[in-house]
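Structure file upload-v3.txt (compact mmCIF, C-alpha atoms) follows.
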```
# COMPACT_ATOMS: atom_id res chain seq x y z
CA MET E 228 0.00 0.00 0.00
CA ALA E 229 1.17 3.51 -0.80
CA VAL E 230 -0.30 6.41 1.18
CA GLU E 231 0.07 10.15 1.33
CA VAL E 232 -0.41 12.10 4.56
CA ASP E 233 -1.28 15.79 4.66
CA ARG E 234 1.05 17.06 7.40
CA GLU E 235 -1.29 19.93 8.27
CA THR E 236 -4.65 18.15 8.47
CA ALA E 237 -3.28 14.60 9.02
CA GLU E 238 -5.60 13.39 6.26
CA ILE E 239 -4.55 10.02 4.84
CA LYS E 240 -4.95 9.36 1.13
CA ILE E 241 -4.52 5.83 -0.21
CA LEU E 242 -2.58 6.09 -3.47
CA ARG E 243 -2.25 2.40 -4.29
CA TYR E 244 -3.51 -0.79 -2.71
CA VAL E 245 -2.33 -4.19 -3.96
CA THR E 246 -3.43 -7.40 -2.25
CA VAL E 247 -2.42 -10.98 -3.08
CA HIS E 248 -4.23 -14.07 -1.79
CA ASP E 249 -3.83 -17.82 -2.02
CA ALA E 250 -7.28 -19.35 -2.05
CA GLY E 251 -6.16 -22.55 -3.68
CA VAL E 252 -8.20 -23.44 -6.75
CA ILE E 253 -10.53 -20.53 -7.46
CA ILE E 254 -13.94 -21.84 -8.47
CA ASN E 255 -15.65 -18.51 -9.23
CA PRO E 256 -13.21 -15.64 -9.88
CA ALA E 257 -15.87 -12.91 -9.64
CA ILE E 258 -16.99 -14.10 -6.19
CA ALA E 259 -13.38 -14.46 -5.08
CA GLU E 260 -12.59 -10.88 -6.07
CA GLY E 261 -15.79 -9.59 -4.44
CA GLN E 262 -14.86 -11.33 -1.18
CA ILE E 263 -11.37 -9.85 -1.23
CA VAL E 264 -12.47 -6.30 -2.06
CA GLY E 265 -15.32 -6.45 0.46
CA GLY E 266 -12.95 -7.78 3.11
CA ALA E 267 -10.47 -5.01 2.34
CA LEU E 268 -13.15 -2.32 2.81
CA HIS E 269 -14.18 -3.91 6.08
CA GLY E 270 -10.55 -3.83 7.18
CA LEU E 271 -10.09 -0.23 6.03
CA GLY E 272 -13.14 0.67 8.11
CA GLY E 273 -11.43 -0.66 11.21
CA ALA E 274 -8.16 1.01 10.28
CA LEU E 275 -9.48 4.48 9.52
CA TRP E 276 -13.07 5.06 10.66
CA GLU E 277 -14.91 2.52 12.79
CA GLU E 278 -14.52 2.80 16.54
CA LEU E 279 -16.60 1.39 19.40
CA ALA E 280 -15.83 4.36 21.59
CA TYR E 281 -17.00 4.86 25.19
CA ASP E 282 -16.59 7.85 27.46
CA GLY E 283 -15.25 7.77 31.04
CA GLU E 284 -18.68 6.88 32.47
CA GLY E 285 -19.11 3.95 30.10
CA GLN E 286 -21.52 5.79 27.84
CA PHE E 287 -21.34 4.44 24.29
CA LEU E 288 -20.45 7.29 21.94
CA ALA E 289 -20.96 5.72 18.52
CA GLY E 290 -24.52 4.44 18.81
CA SER E 291 -25.67 5.39 15.32
CA PHE E 292 -24.24 5.51 11.82
CA MET E 293 -23.90 9.26 12.26
CA ASP E 294 -21.04 8.54 14.66
CA TYR E 295 -20.04 4.96 13.85
CA LEU E 296 -18.46 5.66 10.48
CA VAL E 297 -18.31 2.80 8.01
CA PRO E 298 -16.63 3.18 4.63
CA SER E 299 -19.00 3.68 1.73
CA ALA E 300 -18.38 3.46 -2.00
CA SER E 301 -16.88 6.93 -2.04
CA GLN E 302 -14.20 5.87 0.48
CA ALA E 303 -13.22 2.79 -1.53
CA PRO E 304 -9.79 3.06 -3.14
CA ALA E 305 -8.98 1.16 -6.33
CA ILE E 306 -7.90 -2.27 -5.09
CA GLU E 307 -5.62 -4.37 -7.26
CA VAL E 308 -6.13 -8.08 -6.59
CA ALA E 309 -3.78 -10.88 -7.57
CA HIS E 310 -3.93 -14.60 -6.80
CA LEU E 311 -1.54 -17.41 -6.03
CA ALA E 312 -3.29 -20.73 -6.51
CA THR E 313 -1.76 -23.50 -4.40
CA PRO E 314 -4.40 -26.25 -4.41
CA SER E 315 -5.39 -27.46 -0.96
CA PRO E 316 -4.63 -31.16 -0.42
CA PHE E 317 -7.47 -31.33 2.13
CA THR E 318 -10.51 -30.36 0.05
CA THR E 319 -12.14 -32.17 -2.86
CA LEU E 320 -11.76 -29.27 -5.30
CA GLY E 321 -8.46 -27.93 -3.93
CA ALA E 322 -10.22 -24.73 -2.82
CA LYS E 323 -9.51 -22.78 0.39
CA GLY E 324 -11.50 -20.14 2.23
CA LEU E 325 -10.96 -16.47 1.49
CA GLY E 326 -12.31 -13.07 2.50
CA GLU E 327 -11.27 -12.85 6.13
CA ALA E 328 -7.61 -12.61 5.19
CA SER E 329 -8.36 -9.40 3.35
CA SER E 330 -10.09 -7.77 6.31
CA MET E 331 -7.26 -8.87 8.65
CA THR E 332 -4.41 -7.56 6.48
CA ALA E 333 -5.97 -4.18 5.67
CA PRO E 334 -5.54 -2.61 9.15
CA ALA E 335 -1.92 -3.80 9.38
CA VAL E 336 -1.01 -2.57 5.92
CA VAL E 337 -2.55 0.86 6.57
CA ALA E 338 -0.71 1.20 9.87
CA ASN E 339 2.56 0.11 8.25
CA ALA E 340 2.13 2.38 5.23
CA VAL E 341 1.37 5.42 7.40
CA SER E 342 4.27 4.55 9.73
CA ASP E 343 6.55 4.28 6.71
CA ALA E 344 5.35 7.58 5.23
CA LEU E 345 5.95 9.34 8.55
CA ALA E 346 9.13 7.48 9.57
CA PRO E 347 11.33 10.54 8.83
CA LEU E 348 9.24 12.44 11.40
CA GLY E 349 9.53 9.68 13.99
CA VAL E 350 5.85 8.71 14.00
CA ARG E 351 4.86 5.08 14.49
CA ILE E 352 1.26 3.88 14.48
CA THR E 353 0.32 1.63 17.40
CA GLU E 354 -3.40 2.36 17.71
CA LEU E 355 -6.42 2.06 15.40
CA PRO E 356 -8.44 3.61 13.93
CA ILE E 357 -5.98 6.22 12.71
CA THR E 358 -8.31 9.20 12.86
CA PRO E 359 -6.99 12.52 11.53
CA SER E 360 -7.25 13.98 15.03
CA ARG E 361 -5.28 11.11 16.58
CA LEU E 362 -2.64 11.22 13.85
CA TRP E 363 -2.28 14.99 14.16
CA HIS E 364 -1.59 14.60 17.89
CA LEU E 365 1.11 12.01 17.05
CA LEU E 366 2.66 14.46 14.56
CA GLU E 367 2.61 17.23 17.16
CA ARG E 368 4.21 15.00 19.77
CA ALA E 369 6.93 14.00 17.30
CA LYS E 370 7.50 17.69 16.52
CA ARG E 371 8.11 18.33 20.21
CA GLY E 372 10.60 15.46 20.27
CA GLU E 373 8.37 13.08 22.27
CA ARG E 374 7.72 9.58 21.10
CA MET Y 398 -36.68 3.89 17.41
CA LYS Y 399 -39.86 5.58 16.39
CA PRO Y 400 -40.89 9.09 17.42
CA ALA Y 401 -43.11 9.82 20.39
CA PRO Y 402 -46.70 10.55 19.32
CA PHE Y 403 -47.42 14.02 17.95
CA ALA Y 404 -50.25 15.88 16.25
CA TYR Y 405 -49.47 16.51 12.60
CA TYR Y 406 -50.48 19.46 10.45
CA ALA Y 407 -49.60 20.04 6.80
CA PRO Y 408 -50.53 23.64 5.94
CA GLN Y 409 -50.71 24.59 2.25
CA THR Y 410 -49.42 28.13 2.70
CA ALA Y 411 -47.08 30.11 4.94
CA ALA Y 412 -50.10 32.02 6.34
CA GLU Y 413 -51.80 28.77 7.41
CA ALA Y 414 -48.56 27.64 9.03
CA LEU Y 415 -48.32 30.89 10.99
CA ASP Y 416 -51.89 30.42 12.28
CA LEU Y 417 -50.98 26.94 13.49
CA LEU Y 418 -47.83 28.24 15.17
CA ALA Y 419 -49.83 31.01 16.86
CA ARG Y 420 -52.26 28.41 18.16
CA HIS Y 421 -49.67 25.91 19.43
CA GLY Y 422 -46.79 28.18 20.44
CA ALA Y 423 -43.89 26.39 22.12
CA ASP Y 424 -45.56 22.96 21.71
CA ALA Y 425 -45.02 23.08 17.94
CA ARG Y 426 -41.92 22.19 15.95
CA ILE Y 427 -41.63 23.07 12.28
CA LEU Y 428 -40.75 20.23 9.92
CA ALA Y 429 -38.85 21.48 6.88
CA GLY Y 430 -36.73 18.98 4.92
CA GLY Y 431 -36.58 16.70 7.95
CA GLN Y 432 -32.93 15.72 7.51
CA SER Y 433 -32.08 16.79 11.06
CA LEU Y 434 -35.45 16.87 12.81
CA VAL Y 435 -36.59 13.37 11.81
CA PRO Y 436 -33.48 11.65 13.26
CA LEU Y 437 -33.93 13.74 16.42
CA LEU Y 438 -37.57 12.60 16.64
CA ASN Y 439 -36.65 8.98 16.01
CA PHE Y 440 -33.97 9.06 18.70
CA ARG Y 441 -36.54 10.81 20.90
CA LEU Y 442 -34.07 13.59 21.53
CA SER Y 443 -36.96 15.82 20.53
CA ALA Y 444 -40.58 15.01 21.37
CA PRO Y 445 -42.80 17.92 20.33
CA ALA Y 446 -46.57 17.68 20.83
CA VAL Y 447 -47.25 19.21 17.41
CA ILE Y 448 -45.46 19.02 14.06
CA VAL Y 449 -46.18 21.68 11.46
CA ASP Y 450 -44.98 20.27 8.16
CA LEU Y 451 -44.08 23.01 5.65
CA ASN Y 452 -43.44 20.69 2.72
CA ARG Y 453 -46.73 21.61 1.02
CA ALA Y 454 -46.24 25.36 1.46
CA ALA Y 455 -45.09 26.10 -2.08
CA ASP Y 456 -45.05 29.84 -1.40
CA LEU Y 457 -41.96 29.31 0.77
CA ALA Y 458 -39.80 27.81 -2.00
CA TYR Y 459 -38.22 30.35 -4.37
CA ILE Y 460 -34.99 32.05 -5.36
CA ARG Y 461 -35.39 35.57 -6.73
CA GLU Y 462 -33.52 38.80 -7.07
CA GLU Y 463 -35.15 41.79 -5.43
CA GLY Y 464 -33.84 45.17 -4.32
CA GLY Y 465 -30.26 44.20 -5.19
CA SER Y 466 -30.27 41.13 -3.01
CA LEU Y 467 -31.00 37.49 -3.55
CA ARG Y 468 -34.02 36.29 -1.62
CA ILE Y 469 -34.30 32.61 -0.92
CA GLY Y 470 -37.47 31.14 0.55
CA ALA Y 471 -37.08 29.00 3.66
CA MET Y 472 -38.35 25.82 1.95
CA THR Y 473 -35.94 26.07 -0.99
CA ARG Y 474 -34.17 22.73 -1.23
CA GLN Y 475 -30.40 22.71 -0.94
CA ARG Y 476 -30.33 20.91 -4.26
CA ALA Y 477 -32.22 23.79 -5.93
CA ILE Y 478 -29.63 26.21 -4.53
CA GLU Y 479 -26.77 24.01 -5.71
CA PHE Y 480 -28.02 24.15 -9.30
CA SER Y 481 -29.56 27.63 -9.45
CA PRO Y 482 -27.98 29.74 -12.23
CA LEU Y 483 -28.92 32.84 -10.22
CA VAL Y 484 -27.04 31.59 -7.15
CA LYS Y 485 -24.10 30.55 -9.30
CA SER Y 486 -23.77 33.99 -10.87
CA ARG Y 487 -24.62 36.18 -7.85
CA LEU Y 488 -23.48 34.09 -4.88
CA PRO Y 489 -20.98 31.49 -6.07
CA LEU Y 490 -19.76 31.06 -2.48
CA LEU Y 491 -23.20 29.74 -1.52
CA ALA Y 492 -23.12 27.34 -4.47
CA GLU Y 493 -19.63 26.13 -3.52
CA ALA Y 494 -20.56 25.61 0.14
CA THR Y 495 -23.74 23.73 -0.79
CA ARG Y 496 -21.60 20.91 -2.20
CA TRP Y 497 -20.51 20.28 1.41
CA VAL Y 498 -24.04 20.17 2.86
CA GLY Y 499 -24.77 16.52 3.64
CA HIS Y 500 -25.05 14.13 0.70
CA LEU Y 501 -26.79 14.34 -2.65
CA PRO Y 502 -29.95 12.53 -1.43
CA THR Y 503 -30.18 14.65 1.75
CA ARG Y 504 -29.77 17.85 -0.29
CA THR Y 505 -32.80 16.96 -2.38
CA ARG Y 506 -34.91 17.16 0.79
CA GLY Y 507 -32.94 19.47 3.10
CA THR Y 508 -33.82 23.19 2.95
CA ILE Y 509 -31.90 26.38 3.59
CA GLY Y 510 -34.48 27.57 6.11
CA GLY Y 511 -34.35 24.29 8.02
CA SER Y 512 -30.58 24.36 8.13
CA LEU Y 513 -30.46 27.96 9.40
CA ALA Y 514 -33.24 27.51 11.97
CA HIS Y 515 -31.71 24.27 13.27
CA SER Y 516 -28.30 25.99 13.60
CA ASP Y 517 -26.23 22.88 14.06
CA PRO Y 518 -22.77 24.07 15.12
CA ALA Y 519 -21.19 22.15 12.22
CA ALA Y 520 -23.68 23.29 9.55
CA GLU Y 521 -22.32 25.14 6.53
CA TYR Y 522 -25.19 27.53 5.75
CA PRO Y 523 -25.06 29.51 9.02
CA ALA Y 524 -21.36 30.25 8.38
CA VAL Y 525 -22.07 31.23 4.77
CA VAL Y 526 -24.95 33.53 5.76
CA ALA Y 527 -22.73 35.04 8.48
CA VAL Y 528 -19.87 35.72 6.07
CA LEU Y 529 -22.26 37.20 3.48
CA GLU Y 530 -23.78 39.40 6.23
CA GLY Y 531 -27.21 38.13 5.28
CA GLU Y 532 -30.53 39.04 6.81
CA ILE Y 533 -33.08 36.55 8.00
CA ALA Y 534 -36.77 37.28 7.60
CA ILE Y 535 -38.93 36.05 10.46
CA ARG Y 536 -42.70 36.10 10.53
CA SER Y 537 -45.39 35.37 13.06
CA SER Y 538 -49.15 35.76 12.81
CA GLY Y 539 -48.67 39.22 14.35
CA GLY Y 540 -46.14 40.53 11.81
CA GLY Y 541 -42.56 40.20 10.72
CA ARG Y 542 -39.01 41.31 11.44
CA LEU Y 543 -35.60 41.16 9.82
CA VAL Y 544 -32.65 39.89 11.85
CA ARG Y 545 -29.00 40.24 10.84
CA ALA Y 546 -27.05 36.99 10.72
CA ALA Y 547 -24.81 38.34 13.48
CA ASP Y 548 -27.84 38.49 15.81
CA PHE Y 549 -29.64 35.38 14.58
CA PHE Y 550 -27.28 32.60 15.68
CA VAL Y 551 -27.29 32.82 19.46
CA ASP Y 552 -25.87 29.64 20.97
CA PHE Y 553 -25.80 25.86 20.54
CA MET Y 554 -28.80 25.05 18.29
CA SER Y 555 -30.39 28.22 19.47
CA THR Y 556 -31.43 31.19 17.35
CA ALA Y 557 -33.33 34.47 17.63
CA LEU Y 558 -36.57 32.63 16.71
CA ASN Y 559 -39.26 32.71 19.38
CA PRO Y 560 -42.21 30.32 19.78
CA GLY Y 561 -44.91 31.22 17.25
CA GLU Y 562 -42.30 32.57 14.82
CA MET Y 563 -41.11 31.07 11.57
CA LEU Y 564 -38.04 31.73 9.44
CA THR Y 565 -39.51 32.55 6.02
CA GLU Y 566 -36.67 33.91 3.92
CA VAL Y 567 -32.97 34.65 3.83
CA ARG Y 568 -31.72 37.78 2.03
CA LEU Y 569 -28.17 37.73 0.79
CA ASN Y 570 -26.21 40.50 -0.87
CA ALA Y 571 -23.46 39.67 -3.32
CA PRO Y 572 -20.03 40.33 -1.77
CA PRO Y 573 -18.36 43.67 -2.59
CA PRO Y 574 -17.30 44.03 -6.23
CA GLY Y 575 -13.83 42.74 -6.99
CA SER Y 576 -13.89 40.21 -4.19
CA GLY Y 577 -12.89 36.58 -4.18
CA TRP Y 578 -14.45 33.87 -2.05
CA ALA Y 579 -13.81 30.32 -0.90
CA PHE Y 580 -15.30 27.65 1.30
CA GLU Y 581 -13.02 25.02 2.84
CA GLU Y 582 -14.11 22.08 4.93
CA PHE Y 583 -12.68 19.01 6.57
CA SER Y 584 -14.83 16.07 7.60
CA ARG Y 585 -14.11 12.41 8.40
CA ARG Y 586 -15.83 11.29 5.19
CA HIS Y 587 -17.20 13.61 2.52
CA GLY Y 588 -20.77 14.46 3.51
CA ASP Y 589 -20.24 13.87 7.23
CA PHE Y 590 -20.69 16.69 9.70
CA ALA Y 591 -17.89 19.20 9.28
CA ILE Y 592 -15.10 18.93 11.82
CA ILE Y 593 -14.31 22.48 10.75
CA GLY Y 594 -15.53 24.57 7.82
CA VAL Y 595 -14.34 28.05 6.89
CA ALA Y 596 -15.96 30.60 4.58
CA ALA Y 597 -13.88 33.55 3.40
CA ILE Y 598 -14.40 36.65 1.29
CA VAL Y 599 -11.58 39.02 0.35
CA ALA Y 600 -11.87 42.23 -1.67
CA ILE Y 601 -8.65 43.72 -3.04
CA GLU Y 602 -8.16 47.27 -4.29
CA GLU Y 603 -4.80 48.35 -5.75
CA GLY Y 604 -2.99 45.49 -4.08
CA ARG Y 605 -4.46 46.21 -0.66
CA CYS Y 606 -7.11 44.26 1.16
CA ARG Y 607 -10.19 46.44 1.31
CA THR Y 608 -12.49 43.94 3.00
CA ALA Y 609 -11.87 40.57 4.59
CA ARG Y 610 -14.54 38.37 6.06
CA VAL Y 611 -14.09 34.98 7.70
CA ALA Y 612 -16.68 32.74 9.34
CA VAL Y 613 -16.26 29.29 10.76
CA CYS Y 614 -18.53 26.34 11.46
CA GLY Y 615 -17.65 23.59 13.94
CA GLY Y 616 -15.46 25.99 15.92
CA ALA Y 617 -17.99 27.19 18.49
CA PRO Y 618 -21.53 26.46 19.72
CA CYS Y 619 -22.83 28.21 16.59
CA ALA Y 620 -21.50 29.78 13.39
CA MET Y 621 -19.00 32.49 14.19
CA ARG Y 622 -17.55 35.50 12.38
CA LEU Y 623 -13.85 35.95 13.13
CA ARG Y 624 -13.56 39.73 13.14
CA GLY Y 625 -10.16 39.68 14.86
CA ALA Y 626 -8.70 37.65 11.99
CA GLU Y 627 -10.33 39.89 9.38
CA GLU Y 628 -8.85 43.05 10.96
CA ILE Y 629 -5.32 41.70 10.53
CA LEU Y 630 -5.80 41.71 6.76
CA GLU Y 631 -7.94 44.79 6.17
CA GLY Y 632 -6.15 47.89 4.91
CA GLY Y 633 -2.81 46.14 4.45
CA ARG Y 634 -0.94 44.67 1.52
CA ILE Y 635 -1.74 41.02 0.92
CA LEU Y 636 1.33 39.16 2.14
CA GLU Y 637 1.91 35.53 2.93
CA ARG Y 638 2.74 36.58 6.47
CA SER Y 639 -0.45 38.57 6.99
CA VAL Y 640 -2.53 35.60 5.80
CA ASP Y 641 -0.62 33.32 8.20
CA ASP Y 642 -1.16 35.80 11.04
CA ALA Y 643 -4.89 36.05 10.30
CA ALA Y 644 -5.15 32.26 10.24
CA ALA Y 645 -3.29 31.97 13.55
CA ARG Y 646 -5.63 34.57 15.06
CA ALA Y 647 -8.64 32.62 13.77
CA ALA Y 648 -7.42 29.56 15.68
CA GLN Y 649 -7.23 31.64 18.88
CA LEU Y 650 -10.73 33.05 18.45
CA VAL Y 651 -12.60 29.76 18.14
CA ASP Y 652 -13.60 27.65 21.11
CA PRO Y 653 -14.15 24.21 19.61
CA PRO Y 654 -15.45 21.17 21.47
CA SER Y 655 -13.71 17.81 21.89
CA ASP Y 656 -15.70 14.76 20.89
CA LEU Y 657 -15.42 11.29 19.43
CA HIS Y 658 -14.32 12.63 16.04
CA ALA Y 659 -11.74 15.25 16.96
CA SER Y 660 -10.07 16.95 19.90
CA SER Y 661 -10.48 20.65 20.54
CA ASP Y 662 -6.76 21.23 19.77
CA TYR Y 663 -7.08 19.44 16.44
CA ARG Y 664 -10.11 21.56 15.55
CA ARG Y 665 -8.12 24.68 16.42
CA ASN Y 666 -5.34 23.47 14.13
CA LEU Y 667 -7.85 22.85 11.35
CA THR Y 668 -9.28 26.33 11.85
CA ARG Y 669 -5.80 27.76 11.24
CA VAL Y 670 -5.06 25.53 8.23
CA LEU Y 671 -8.46 25.94 6.57
CA THR Y 672 -8.62 29.69 7.22
CA ARG Y 673 -5.26 30.06 5.50
CA ARG Y 674 -6.36 27.89 2.58
CA ALA Y 675 -9.71 29.65 2.23
CA LEU Y 676 -8.10 33.10 2.36
CA ASN Y 677 -5.47 32.13 -0.19
CA ARG Y 678 -8.10 30.79 -2.59
CA ALA Y 679 -10.29 33.87 -2.05
CA ILE Y 680 -7.28 36.11 -2.69
CA ALA Y 681 -6.38 34.21 -5.87
CA ARG Y 682 -9.94 34.63 -7.11
CA ALA Y 683 -10.00 38.33 -6.20
CA ARG Y 684 -6.72 38.83 -8.07
CA GLY Y 685 -8.07 37.00 -11.09
CA ARG Y 686 -11.04 39.31 -11.08
CA GLU Y 687 -8.93 42.39 -10.52
CA ALA Y 688 -6.83 41.43 -13.52
CA LEU Y 689 -9.98 40.89 -15.60
CA ASN Y 690 -11.48 44.23 -14.60
CA GLY Y 691 -8.18 46.12 -14.97
```
What is this file in C-alpha cells?
Amino acid sequence: MAVEVDRETAEIKILRYVTVHDAGVIINPAIAEGQIVGGALHGLGGALWEELAYDGEGQFLAGSFMDYLVPSASQAPAIEVAHLATPSPFTTLGAKGLGEASSMTAPAVVANAVSDALAPLGVRITELPITPSRLWHLLERAKRGER
Amino acid sequence: MKPAPFAYYAPQTAAEALDLLARHGADARILAGGQSLVPLLNFRLSAPAVIVDLNRAADLAYIREEGGSLRIGAMTRQRAIEFSPLVKSRLPLLAEATRWVGHLPTRTRGTIGGSLAHSDPAAEYPAVVAVLEGEIAIRSSGGGRLVRAADFFVDFMSTALNPGEMLTEVRLNAPPPGSGWAFEEFSRRHGDFAIIGVAAIVAIEEGRCRTARVAVCGGAPCAMRLRGAEEILEGGRILERSVDDAAARAAQLVDPPSDLHASSDYRRNLTRVLTRRALNRAIARARGREALNG
C-alpha cells in the first residue's frame, strides 16, 4: 500500500492498494474478487473510521451511523487483486477459504504504510483507527521530540 | 426507534402555518426537509406535541432577485440552490458551500431555512450567511421582522426565533465588487458533519485588502464571524505573512469542542489551516477578477 499524509490536516490518502491471496483453486473468480475487495473495505473501516468508543462513564459514543463511520463506495480506493493458486490437499476441489484474510491484512497494511510515510518524522502507528485527530496529535508529539 | 406521538399538520401556505404556530406556540416544531429533525424525533431527543410540516407550502420555495439582493425562501431545497444559475452567478460562495451540505440525497430534501433555523454548530449555511452578512426574515401571525445573521445565531442550536415565529426567507447580498471567495471544509468522510468549515471573502483594491470576512462552522456552539482575523488583513498589503497571522488569530478566536471525532486542539489546528487555505483561494480569485477588470 502507498499512502500520502497531509502534514497539516493529518488526512490520509490511499494512493495504491495491492493485495495478493492464495485461495487454492478458485472456483468462481468474480466471487473471489468480491470477497477480497469487500474484506479489504471492512478492514479499512477498522483502520481508519470505525470505533466502538466509550466515554469515562461507560456511555457508548458511537450508537448510530452518524457517529459509527463505516466506509461507503466513495471511500473505496482502487484495489488491485492478484492470486496465487496452491491447491489445498485437504478439500475435494483444492479450494480454500478467502475473504477474512483481506479484512485482517488491511488494518496492518494501513498502519505500516502510514508509519513508513511518517518514519522521517519519527511517527509510528500503534493504535487504530488512525483518525486525523489522533494522527495529528502524534505528529505534534513527534514535533516536540516526544515519542 | 420511532418518534413519540405528535399531532401533525400540513398547511398549504405560509399564512396557514403561521396560524398553526400562533395556536400551538412552544408545543409546535416546524418540519422542513426533515434531515435533522426526523433523526432527532426517532432518537426521541426531541418530542414535540405538534409538528407543522411546511413541505406543502409552495409559497416558501423560491430564489429571486429583489432590491439588489438574492431572496431565498425558507423551503428552498439545498439541491435547488446548488443548481440555481442565479445563485451561481450572484453568490458562487453559496453554491460552492452547498456541495458540502450533507449528501446528494439529503440535499434533495434538506432546505436552507431548516438548516439555518436548526443551527447545528457544524452546519455550513449559518457560516455562509454570516460571512455574506445576510438578513433573515422572520414572521409570526402578528407581523414580521428582519434579523441580521450576526444576531440570529445565538448559541448551541439556538437562534433568535421565538415560539410562534417562523423563518420565512434569507436575504443575501453579493459580496463587494472585486472580491474573491472560498469555502473550505474538513470532515471524516465527505458528507459527514464538518469537523471544521471556513468561509472567506476578500476584496482587493490596488494590491491592498479592502475587505476581509471569515466565518467558521464547527469551531464554536454556533456559526461564528472571526472579526479579529479579518482586521489583521484589512487595509494592508496582501502578504503571505499577513494571511498566516490572520489564520493563527482565527485559531485563537474559536472555542471548539472535543468529541469522538476530533479533539479541541485538532479543531483549532484545522481552523488555522483551513482559514489560510480559504483566504489564499479567495485572494487568488480576487486577483483573477482584478486582472480581468483592470
Selection: 8 Å around Gln475 of chain Y, all atoms listed in the file, excl. self and same-chain fewer than 3 positions, as JSON, numbers by chain: {"Y": [478, 479, 495, 498, 504, 505, 506, 507, 508, 509]}
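Compared by their closest atoms to Thr358 of chain E, and using all atoms listed in the file, the residues Y:Cys606, Y:Ile535, Y:Ala557, Y:Leu657 rank with Y:Leu657 nearest.
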Interatomic distance, atom CA of Leu451 of chain Y to atom CA of Ala620 of chain Y (Å, one decimal): 24.8 Å
Find the residues near segment 287-291 of chain E: any atom within 12 Å, counting only C-alpha atoms, skip ones fewer than 4 places away on the same chain, and give them as a PyMOL selection string. (chain E and resi 276-283+295-297) or (chain Y and resi 398+436-437+439-440+656-658)
Considering all atoms listed in the file, give me a table of residues in chain E that are at most 7 Å from chain Y, with the closest atom pair and distance in Å for each, as a Markdown table.
```
| residue | atom | partner | partner_atom | distance |
| --- | --- | --- | --- | --- |
| E:Glu235 | CA | Y:Val670 | CA | 6.8 |
| E:Thr236 | CA | Y:Leu667 | CA | 6.4 |
| E:Leu288 | CA | Y:Leu657 | CA | 6.9 |
| E:Ser360 | CA | Y:Ala659 | CA | 5.0 |
| E:Trp363 | CA | Y:Tyr663 | CA | 6.9 |
```
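Each of Y:Arg496, Y:Arg426, Y:Arg441, Y:Arg646 was checked against Leu623 of chain Y using only C-alpha atoms; the smallest atom-to-atom distance is that of Y:Arg646.
Nearest to Glu354 of chain E of all the residues E:Ala274, E:Ala312, E:Ala340, E:Ala303 is E:Ala274, based on all atoms listed in the file.
The smallest atom-to-atom distance between Lys370 of chain E and any of E:Leu348, E:Val264, E:Pro314, E:Thr246, using all atoms listed in the file, is found for E:Leu348.
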Within 12 Å of Val613 of chain Y using all atoms listed in the file, minus same-chain residues under 3 positions, as an NGL selection string: :Y and (518-528 or 579-583 or 591-597 or 610 or 616-624 or 626 or 644 or 647-648 or 650-653 or 664-665 or 667-669 or 671-672 or 675)
Find the spatial neighbours of segment 458-463 of chain Y, counting all atoms listed in the file, within a cut-off of 7 Å - ignore same-chain residues fewer than 6 positions away - and output them as a PyMOL selection string. chain Y and resi 469-473
Leu543 of chain Y: which residues within 7 Å, counting all atoms listed in the file, same-chain residues fewer than 3 positions away excluded, as a PyMOL selection string? chain Y and resi 532-535
Reconstructed segment 340-349 of chain E, atom set N, CA, C and O atoms, as a PDB file, in the coordinates of the input:
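Generated file (result_0.pdb):
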```pdb
ATOM      1  N   ALA E 340       1.910   1.387   6.289  1.00  0.00           N
ATOM      2  CA  ALA E 340       2.130   2.380   5.230  1.00  0.00           C
ATOM      3  C   ALA E 340       2.222   3.785   5.823  1.00  0.00           C
ATOM      4  O   ALA E 340       3.086   4.575   5.449  1.00  0.00           O
ATOM      5  N   VAL E 341       1.332   4.090   6.780  1.00  0.00           N
ATOM      6  CA  VAL E 341       1.370   5.420   7.400  1.00  0.00           C
ATOM      7  C   VAL E 341       2.647   5.566   8.229  1.00  0.00           C
ATOM      8  O   VAL E 341       3.317   6.609   8.174  1.00  0.00           O
ATOM      9  N   SER E 342       3.017   4.508   8.962  1.00  0.00           N
ATOM     10  CA  SER E 342       4.270   4.550   9.730  1.00  0.00           C
ATOM     11  C   SER E 342       5.447   4.795   8.812  1.00  0.00           C
ATOM     12  O   SER E 342       6.351   5.578   9.121  1.00  0.00           O
ATOM     13  N   ASP E 343       5.444   4.124   7.660  1.00  0.00           N
ATOM     14  CA  ASP E 343       6.550   4.280   6.710  1.00  0.00           C
ATOM     15  C   ASP E 343       6.590   5.700   6.147  1.00  0.00           C
ATOM     16  O   ASP E 343       7.650   6.319   6.063  1.00  0.00           O
ATOM     17  N   ALA E 344       5.395   6.222   5.797  1.00  0.00           N
ATOM     18  CA  ALA E 344       5.350   7.580   5.230  1.00  0.00           C
ATOM     19  C   ALA E 344       5.868   8.598   6.236  1.00  0.00           C
ATOM     20  O   ALA E 344       6.503   9.580   5.862  1.00  0.00           O
ATOM     21  N   LEU E 345       5.607   8.348   7.523  1.00  0.00           N
ATOM     22  CA  LEU E 345       5.950   9.340   8.550  1.00  0.00           C
ATOM     23  C   LEU E 345       7.215   8.984   9.312  1.00  0.00           C
ATOM     24  O   LEU E 345       7.573   9.677  10.272  1.00  0.00           O
ATOM     25  N   ALA E 346       7.910   7.916   8.871  1.00  0.00           N
ATOM     26  CA  ALA E 346       9.130   7.480   9.570  1.00  0.00           C
ATOM     27  C   ALA E 346      10.148   8.616   9.711  1.00  0.00           C
ATOM     28  O   ALA E 346      10.735   8.775  10.781  1.00  0.00           O
ATOM     29  N   PRO E 347      10.349   9.451   8.673  1.00  0.00           N
ATOM     30  CA  PRO E 347      11.330  10.540   8.830  1.00  0.00           C
ATOM     31  C   PRO E 347      10.956  11.508   9.962  1.00  0.00           C
ATOM     32  O   PRO E 347      11.811  12.205  10.484  1.00  0.00           O
ATOM     33  N   LEU E 348       9.683  11.550  10.322  1.00  0.00           N
ATOM     34  CA  LEU E 348       9.240  12.440  11.400  1.00  0.00           C
ATOM     35  C   LEU E 348       9.222  11.727  12.743  1.00  0.00           C
ATOM     36  O   LEU E 348       8.935  12.324  13.776  1.00  0.00           O
ATOM     37  N   GLY E 349       9.497  10.436  12.736  1.00  0.00           N
ATOM     38  CA  GLY E 349       9.530   9.680  13.990  1.00  0.00           C
ATOM     39  C   GLY E 349       8.154   9.272  14.491  1.00  0.00           C
ATOM     40  O   GLY E 349       7.949   9.109  15.691  1.00  0.00           O
TER      41      GLY E 349
END
```
